[in-house]
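Below is run_10.pdb, holding PDB, C-alpha atoms, pLDDT in the B column.
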ATOM      1  CA  MET A   1      17.587  21.578  -2.208  1.00 42.00           C
ATOM      2  CA  HIS A   2      14.936  20.590  -4.681  1.00 47.00           C
ATOM      3  CA  ALA A   3      15.200  17.284  -6.458  1.00 49.00           C
ATOM      4  CA  PRO A   4      16.183  17.511 -10.126  1.00 45.00           C
ATOM      5  CA  ALA A   5      13.294  17.431 -12.587  1.00 42.00           C
ATOM      6  CA  ARG A   6      14.372  14.005 -13.828  1.00 47.00           C
ATOM      7  CA  GLN A   7      14.288  12.550 -10.306  1.00 66.00           C
ATOM      8  CA  THR A   8      10.969  14.243  -9.539  1.00 74.00           C
ATOM      9  CA  GLY A   9       9.536  12.705 -12.716  1.00 85.00           C
ATOM     10  CA  PHE A  10      10.802   9.278 -11.666  1.00 88.00           C
ATOM     11  CA  VAL A  11       9.203   9.632  -8.224  1.00 92.00           C
ATOM     12  CA  GLU A  12       5.854  10.671  -9.721  1.00 93.00           C
ATOM     13  CA  ASP A  13       5.973   7.837 -12.259  1.00 95.00           C
ATOM     14  CA  GLU A  14       6.795   5.300  -9.557  1.00 96.00           C
ATOM     15  CA  LEU A  15       4.012   6.621  -7.321  1.00 97.00           C
ATOM     16  CA  ALA A  16       1.583   6.359 -10.252  1.00 97.00           C
ATOM     17  CA  ARG A  17       2.589   2.733 -10.925  1.00 97.00           C
ATOM     18  CA  LEU A  18       2.303   1.788  -7.267  1.00 98.00           C
ATOM     19  CA  SER A  19      -1.018   3.637  -6.934  1.00 98.00           C
ATOM     20  CA  TRP A  20      -2.340   1.547  -9.826  1.00 98.00           C
ATOM     21  CA  LEU A  21      -1.195  -1.659  -8.095  1.00 98.00           C
ATOM     22  CA  ALA A  22      -2.640  -0.525  -4.743  1.00 98.00           C
ATOM     23  CA  ASP A  23      -5.951   0.210  -6.462  1.00 98.00           C
ATOM     24  CA  LEU A  24      -5.943  -3.237  -8.087  1.00 98.00           C
ATOM     25  CA  LEU A  25      -5.315  -4.896  -4.729  1.00 97.00           C
ATOM     26  CA  ASP A  26      -7.667  -2.747  -2.632  1.00 97.00           C
ATOM     27  CA  SER A  27     -10.445  -1.084  -4.609  1.00 96.00           C
ATOM     28  CA  ARG A  28     -10.623  -1.884  -8.324  1.00 97.00           C
ATOM     29  CA  PHE A  29     -14.107  -3.426  -8.191  1.00 97.00           C
ATOM     30  CA  ARG A  30     -17.429  -2.207  -6.806  1.00 96.00           C
ATOM     31  CA  ILE A  31     -20.223  -4.244  -5.282  1.00 94.00           C
ATOM     32  CA  PRO A  32     -23.231  -3.450  -7.506  1.00 96.00           C
ATOM     33  CA  GLY A  33     -25.807  -1.188  -5.913  1.00 96.00           C
ATOM     34  CA  THR A  34     -23.394   0.024  -3.219  1.00 95.00           C
ATOM     35  CA  ASP A  35     -20.418   2.345  -2.827  1.00 95.00           C
ATOM     36  CA  THR A  36     -18.344  -0.517  -1.394  1.00 95.00           C
ATOM     37  CA  ARG A  37     -15.142  -1.093  -3.326  1.00 96.00           C
ATOM     38  CA  PHE A  38     -12.771  -4.038  -3.075  1.00 96.00           C
ATOM     39  CA  GLY A  39      -9.758  -5.411  -4.890  1.00 97.00           C
ATOM     40  CA  LEU A  40      -7.885  -8.639  -5.413  1.00 96.00           C
ATOM     41  CA  ASP A  41      -6.479  -8.692  -1.860  1.00 95.00           C
ATOM     42  CA  PRO A  42      -9.813  -9.524  -0.170  1.00 93.00           C
ATOM     43  CA  LEU A  43     -10.566 -12.091  -2.890  1.00 94.00           C
ATOM     44  CA  ILE A  44      -7.179 -13.792  -2.484  1.00 94.00           C
ATOM     45  CA  GLY A  45      -7.665 -13.586   1.288  1.00 91.00           C
ATOM     46  CA  LEU A  46     -10.649 -15.919   1.022  1.00 92.00           C
ATOM     47  CA  VAL A  47      -8.124 -18.771   0.729  1.00 91.00           C
ATOM     48  CA  PRO A  48      -7.335 -19.635   4.366  1.00 86.00           C
ATOM     49  CA  VAL A  49      -3.811 -18.707   5.546  1.00 84.00           C
ATOM     50  CA  ALA A  50      -2.130 -18.812   2.130  1.00 93.00           C
ATOM     51  CA  GLY A  51      -4.375 -16.066   0.755  1.00 93.00           C
ATOM     52  CA  ASP A  52      -3.506 -13.673   3.580  1.00 93.00           C
ATOM     53  CA  ALA A  53       0.187 -14.509   3.193  1.00 95.00           C
ATOM     54  CA  ILE A  54       0.057 -13.786  -0.552  1.00 96.00           C
ATOM     55  CA  GLY A  55      -1.702 -10.486   0.150  1.00 95.00           C
ATOM     56  CA  ALA A  56       0.973  -9.544   2.698  1.00 96.00           C
ATOM     57  CA  ILE A  57       3.732 -10.369   0.197  1.00 97.00           C
ATOM     58  CA  ALA A  58       2.087  -8.145  -2.424  1.00 97.00           C
ATOM     59  CA  SER A  59       1.804  -5.354   0.165  1.00 98.00           C
ATOM     60  CA  LEU A  60       5.455  -5.781   1.162  1.00 98.00           C
ATOM     61  CA  TYR A  61       6.428  -5.485  -2.504  1.00 98.00           C
ATOM     62  CA  ILE A  62       4.717  -2.094  -2.672  1.00 98.00           C
ATOM     63  CA  VAL A  63       6.489  -0.956   0.518  1.00 98.00           C
ATOM     64  CA  ALA A  64       9.850  -2.161  -0.830  1.00 97.00           C
ATOM     65  CA  ARG A  65       9.348  -0.118  -4.004  1.00 97.00           C
ATOM     66  CA  LEU A  66       8.179   2.922  -2.022  1.00 96.00           C
ATOM     67  CA  SER A  67      11.229   2.592   0.239  1.00 95.00           C
ATOM     68  CA  LYS A  68      13.484   3.202  -2.741  1.00 94.00           C
ATOM     69  CA  LEU A  69      12.004   6.690  -2.984  1.00 94.00           C
ATOM     70  CA  GLY A  70      13.831   7.621   0.212  1.00 92.00           C
ATOM     71  CA  LEU A  71      11.119   7.479   2.847  1.00 95.00           C
ATOM     72  CA  SER A  72      11.991   7.939   6.495  1.00 95.00           C
ATOM     73  CA  HIS A  73      12.274   4.932   8.776  1.00 96.00           C
ATOM     74  CA  TRP A  74       9.190   6.123  10.674  1.00 96.00           C
ATOM     75  CA  THR A  75       7.070   6.193   7.507  1.00 97.00           C
ATOM     76  CA  LYS A  76       8.274   2.706   6.536  1.00 97.00           C
ATOM     77  CA  LEU A  77       7.508   1.433  10.049  1.00 98.00           C
ATOM     78  CA  ARG A  78       3.958   2.790   9.821  1.00 98.00           C
ATOM     79  CA  MET A  79       3.527   1.002   6.497  1.00 98.00           C
ATOM     80  CA  ILE A  80       4.783  -2.291   7.939  1.00 98.00           C
ATOM     81  CA  MET A  81       2.391  -1.854  10.876  1.00 98.00           C
ATOM     82  CA  ASN A  82      -0.492  -1.386   8.408  1.00 98.00           C
ATOM     83  CA  ILE A  83       0.462  -4.643   6.701  1.00 98.00           C
ATOM     84  CA  ALA A  84       0.711  -6.480  10.040  1.00 98.00           C
ATOM     85  CA  ILE A  85      -2.721  -5.212  11.106  1.00 97.00           C
ATOM     86  CA  ASP A  86      -4.194  -6.279   7.764  1.00 96.00           C
ATOM     87  CA  PHE A  87      -2.529  -9.703   7.923  1.00 95.00           C
ATOM     88  CA  PHE A  88      -3.550 -10.578  11.468  1.00 95.00           C
ATOM     89  CA  ALA A  89      -7.056  -9.099  11.348  1.00 94.00           C
ATOM     90  CA  GLY A  90      -7.599 -10.551   7.871  1.00 91.00           C
ATOM     91  CA  SER A  91      -6.655 -14.013   9.122  1.00 91.00           C
ATOM     92  CA  VAL A  92      -9.796 -14.221  11.261  1.00 91.00           C
ATOM     93  CA  PRO A  93     -12.350 -16.349   9.386  1.00 88.00           C
ATOM     94  CA  VAL A  94     -15.277 -14.412   7.849  1.00 87.00           C
ATOM     95  CA  ALA A  95     -14.804 -11.211   9.899  1.00 93.00           C
ATOM     96  CA  GLY A  96     -11.262 -10.925   8.523  1.00 91.00           C
ATOM     97  CA  ASP A  97     -12.555 -10.979   4.973  1.00 89.00           C
ATOM     98  CA  ALA A  98     -14.911  -8.076   5.737  1.00 93.00           C
ATOM     99  CA  PHE A  99     -12.006  -6.261   7.407  1.00 95.00           C
ATOM    100  CA  ASP A 100      -9.889  -6.731   4.246  1.00 92.00           C
ATOM    101  CA  VAL A 101     -12.555  -4.999   2.171  1.00 94.00           C
ATOM    102  CA  ALA A 102     -12.661  -2.004   4.522  1.00 95.00           C
ATOM    103  CA  TYR A 103      -9.036  -1.484   5.614  1.00 96.00           C
ATOM    104  CA  LYS A 104      -7.306  -0.927   2.226  1.00 96.00           C
ATOM    105  CA  THR A 105      -3.724  -1.265   3.439  1.00 97.00           C
ATOM    106  CA  ASN A 106      -2.035  -0.601   0.114  1.00 98.00           C
ATOM    107  CA  ARG A 107      -3.921   2.601  -0.595  1.00 98.00           C
ATOM    108  CA  LYS A 108      -3.091   3.778   2.946  1.00 98.00           C
ATOM    109  CA  ASN A 109       0.588   3.044   2.371  1.00 98.00           C
ATOM    110  CA  VAL A 110       0.765   4.871  -0.952  1.00 98.00           C
ATOM    111  CA  ALA A 111      -1.004   7.836   0.676  1.00 97.00           C
ATOM    112  CA  LEU A 112       1.527   7.784   3.531  1.00 97.00           C
ATOM    113  CA  ALA A 113       4.368   7.847   1.006  1.00 97.00           C
ATOM    114  CA  ARG A 114       2.810  10.699  -0.971  1.00 96.00           C
ATOM    115  CA  HIS A 115       2.285  12.697   2.207  1.00 96.00           C
ATOM    116  CA  ALA A 116       5.822  12.103   3.474  1.00 95.00           C
ATOM    117  CA  LEU A 117       7.377  12.971   0.109  1.00 94.00           C
ATOM    118  CA  SER A 118       5.255  16.098  -0.307  1.00 91.00           C
ATOM    119  CA  ARG A 119       6.246  17.317   3.157  1.00 88.00           C
ATOM    120  CA  GLY A 120       9.924  16.625   2.574  1.00 79.00           C
ATOM    121  CA  LYS A 121      10.106  13.824   5.141  1.00 56.00           C
ATOM    122  CA  ALA A 122      12.194  11.646   2.881  1.00 56.00           C
ATOM    123  CA  CYS A 123      15.715  10.613   3.735  1.00 55.00           C
ATOM    124  CA  ARG A 124      18.526  12.747   2.377  1.00 47.00           C
ATOM    125  CA  ARG A 125      19.965   9.764   0.500  1.00 47.00           C
ATOM    126  CA  ALA A 126      17.096   9.912  -2.010  1.00 48.00           C
ATOM    127  CA  GLN A 127      17.881  13.543  -2.782  1.00 47.00           C
ATOM    128  CA  ARG A 128      21.489  12.875  -3.827  1.00 45.00           C
TER     129      ARG A 128
END
Let me see the file written as structure tokens.
Amino acid sequence: MHAPARQTGFVEDELARLSWLADLLDSRFRIPGTDTRFGLDPLIGLVPVAGDAIGAIASLYIVARLSKLGLSHWTKLRMIMNIAIDFFAGSVPVAGDAFDVAYKTNRKNVALARHALSRGKACRRAQR
């Protein structure tokens, strides 16, 4: 069964809001003279330990909101793994900060959600 238009609109609106937040955290700014983009997450991550923890909390917030759209457990697990990779690799001094700029966890997670929802890999509970 197809989701009602009202629910489909809600899902698209929520994805748009979370895409905006993911962009802010991962790629809102550009290094002048390059194509390299970064967001608040790598900047916050410059603060040892606490910065990476704050970034992980922000990423978990996005996953929690995406979970309410009815994603499968597998998709949610992949998102959590992305956050864990970002947290642990980002915790390495200097190299971790460069990794944070390149990895873009939040954009990956929103893309995973979009892909899963477009392919109908959401849980049935979200379609009720």
Using only C-alpha atoms: which of A:Leu21, A:Ala111, A:Gly51, A:Ser118 has the shortest distance to Thr8 of chain A: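 Under the stated criterion, the closest residue is A:Ser118.
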Coordinates-based distance that separates atom CA of Arg37 of chain A from atom CA of Phe10 of chain A (Å, one decimal): 29.2 Å
Surrounding residues of Ile62 of chain A excluding itself and chain neighbours under 4 positions, 8 Å, all atoms listed in the file, as a PyMOL selection string: chain A and resi 18+22+58+66+106
Residues as selected, C-alpha atoms, written as a tab-separated table (two decimals), in the coordinates of the input, can you do that?
chain	number	residue	atom	x	y	z
A	18	LEU	CA	2.30	1.79	-7.27
A	22	ALA	CA	-2.64	-0.52	-4.74
A	58	ALA	CA	2.09	-8.14	-2.42
A	66	LEU	CA	8.18	2.92	-2.02
A	106	ASN	CA	-2.04	-0.60	0.11
Best match for closeness to Asp23 of chain A among A:Ser91, A:Thr105, A:Asn82, A:Ser72, counting only C-alpha atoms: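 Once distances to Asp23 of chain A are computed over only C-alpha atoms, the minimum belongs to A:Thr105.
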List the neighbours of Asp86 of chain A out to 8 Å using all atoms listed in the file; skip same-chain residues closer than 5 positions along the sequence, and give me the result as an mmCIF file with C-alpha atoms, in the coordinates of the input.
data_model
loop_
_atom_site.group_PDB
_atom_site.id
_atom_site.type_symbol
_atom_site.label_atom_id
_atom_site.label_comp_id
_atom_site.auth_asym_id
_atom_site.auth_seq_id
_atom_site.Cartn_x
_atom_site.Cartn_y
_atom_site.Cartn_z
ATOM 1 C CA ALA A 56 0.973 -9.544 2.698
ATOM 2 C CA PHE A 99 -12.006 -6.261 7.407
ATOM 3 C CA ASP A 100 -9.889 -6.731 4.246
ATOM 4 C CA TYR A 103 -9.036 -1.484 5.614
ATOM 5 C CA THR A 105 -3.724 -1.265 3.439
#
Selection result for the PyMOL selection byres ((chain A and resi 78) around 12) on this file, as a PyMOL selection string: chain A and resi 63+71-77+79-85+105-106+108-113+116
Distance of atom CA of Leu60 of chain A from atom CA of Val11 of chain A, expressed in Å to one decimal place: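 Pair atom CA of Val11 of chain A / atom CA of Leu60 of chain A returns 18.4 Å.
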Atomic separation - atom CA of Asp41 of chain A relative to atom CA of Arg28 of chain A, Å: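 Value for the atom CA of Arg28 of chain A-atom CA of Asp41 of chain A distance: 10.3 Å.
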Output check: residues returned by the PyMOL selection byres ((chain A and resi 39) around 8), as a PyMOL selection string: chain A and resi 23-29+37-38+40-43+101
Of the listed residues A:Asp97, A:Ala102, A:Gly120, A:Phe88, that which approaches Ile44 of chain A most closely, counting only C-alpha atoms: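 Using only C-alpha atoms, the shortest distance to Ile44 of chain A belongs to A:Asp97.
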Among the residues A:Lys68, A:Arg17, A:Ser59, A:Thr36, the one that comes closest to Leu117 of chain A [using only C-alpha atoms]: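 Using only C-alpha atoms, Leu117 of chain A sits closest to A:Lys68.
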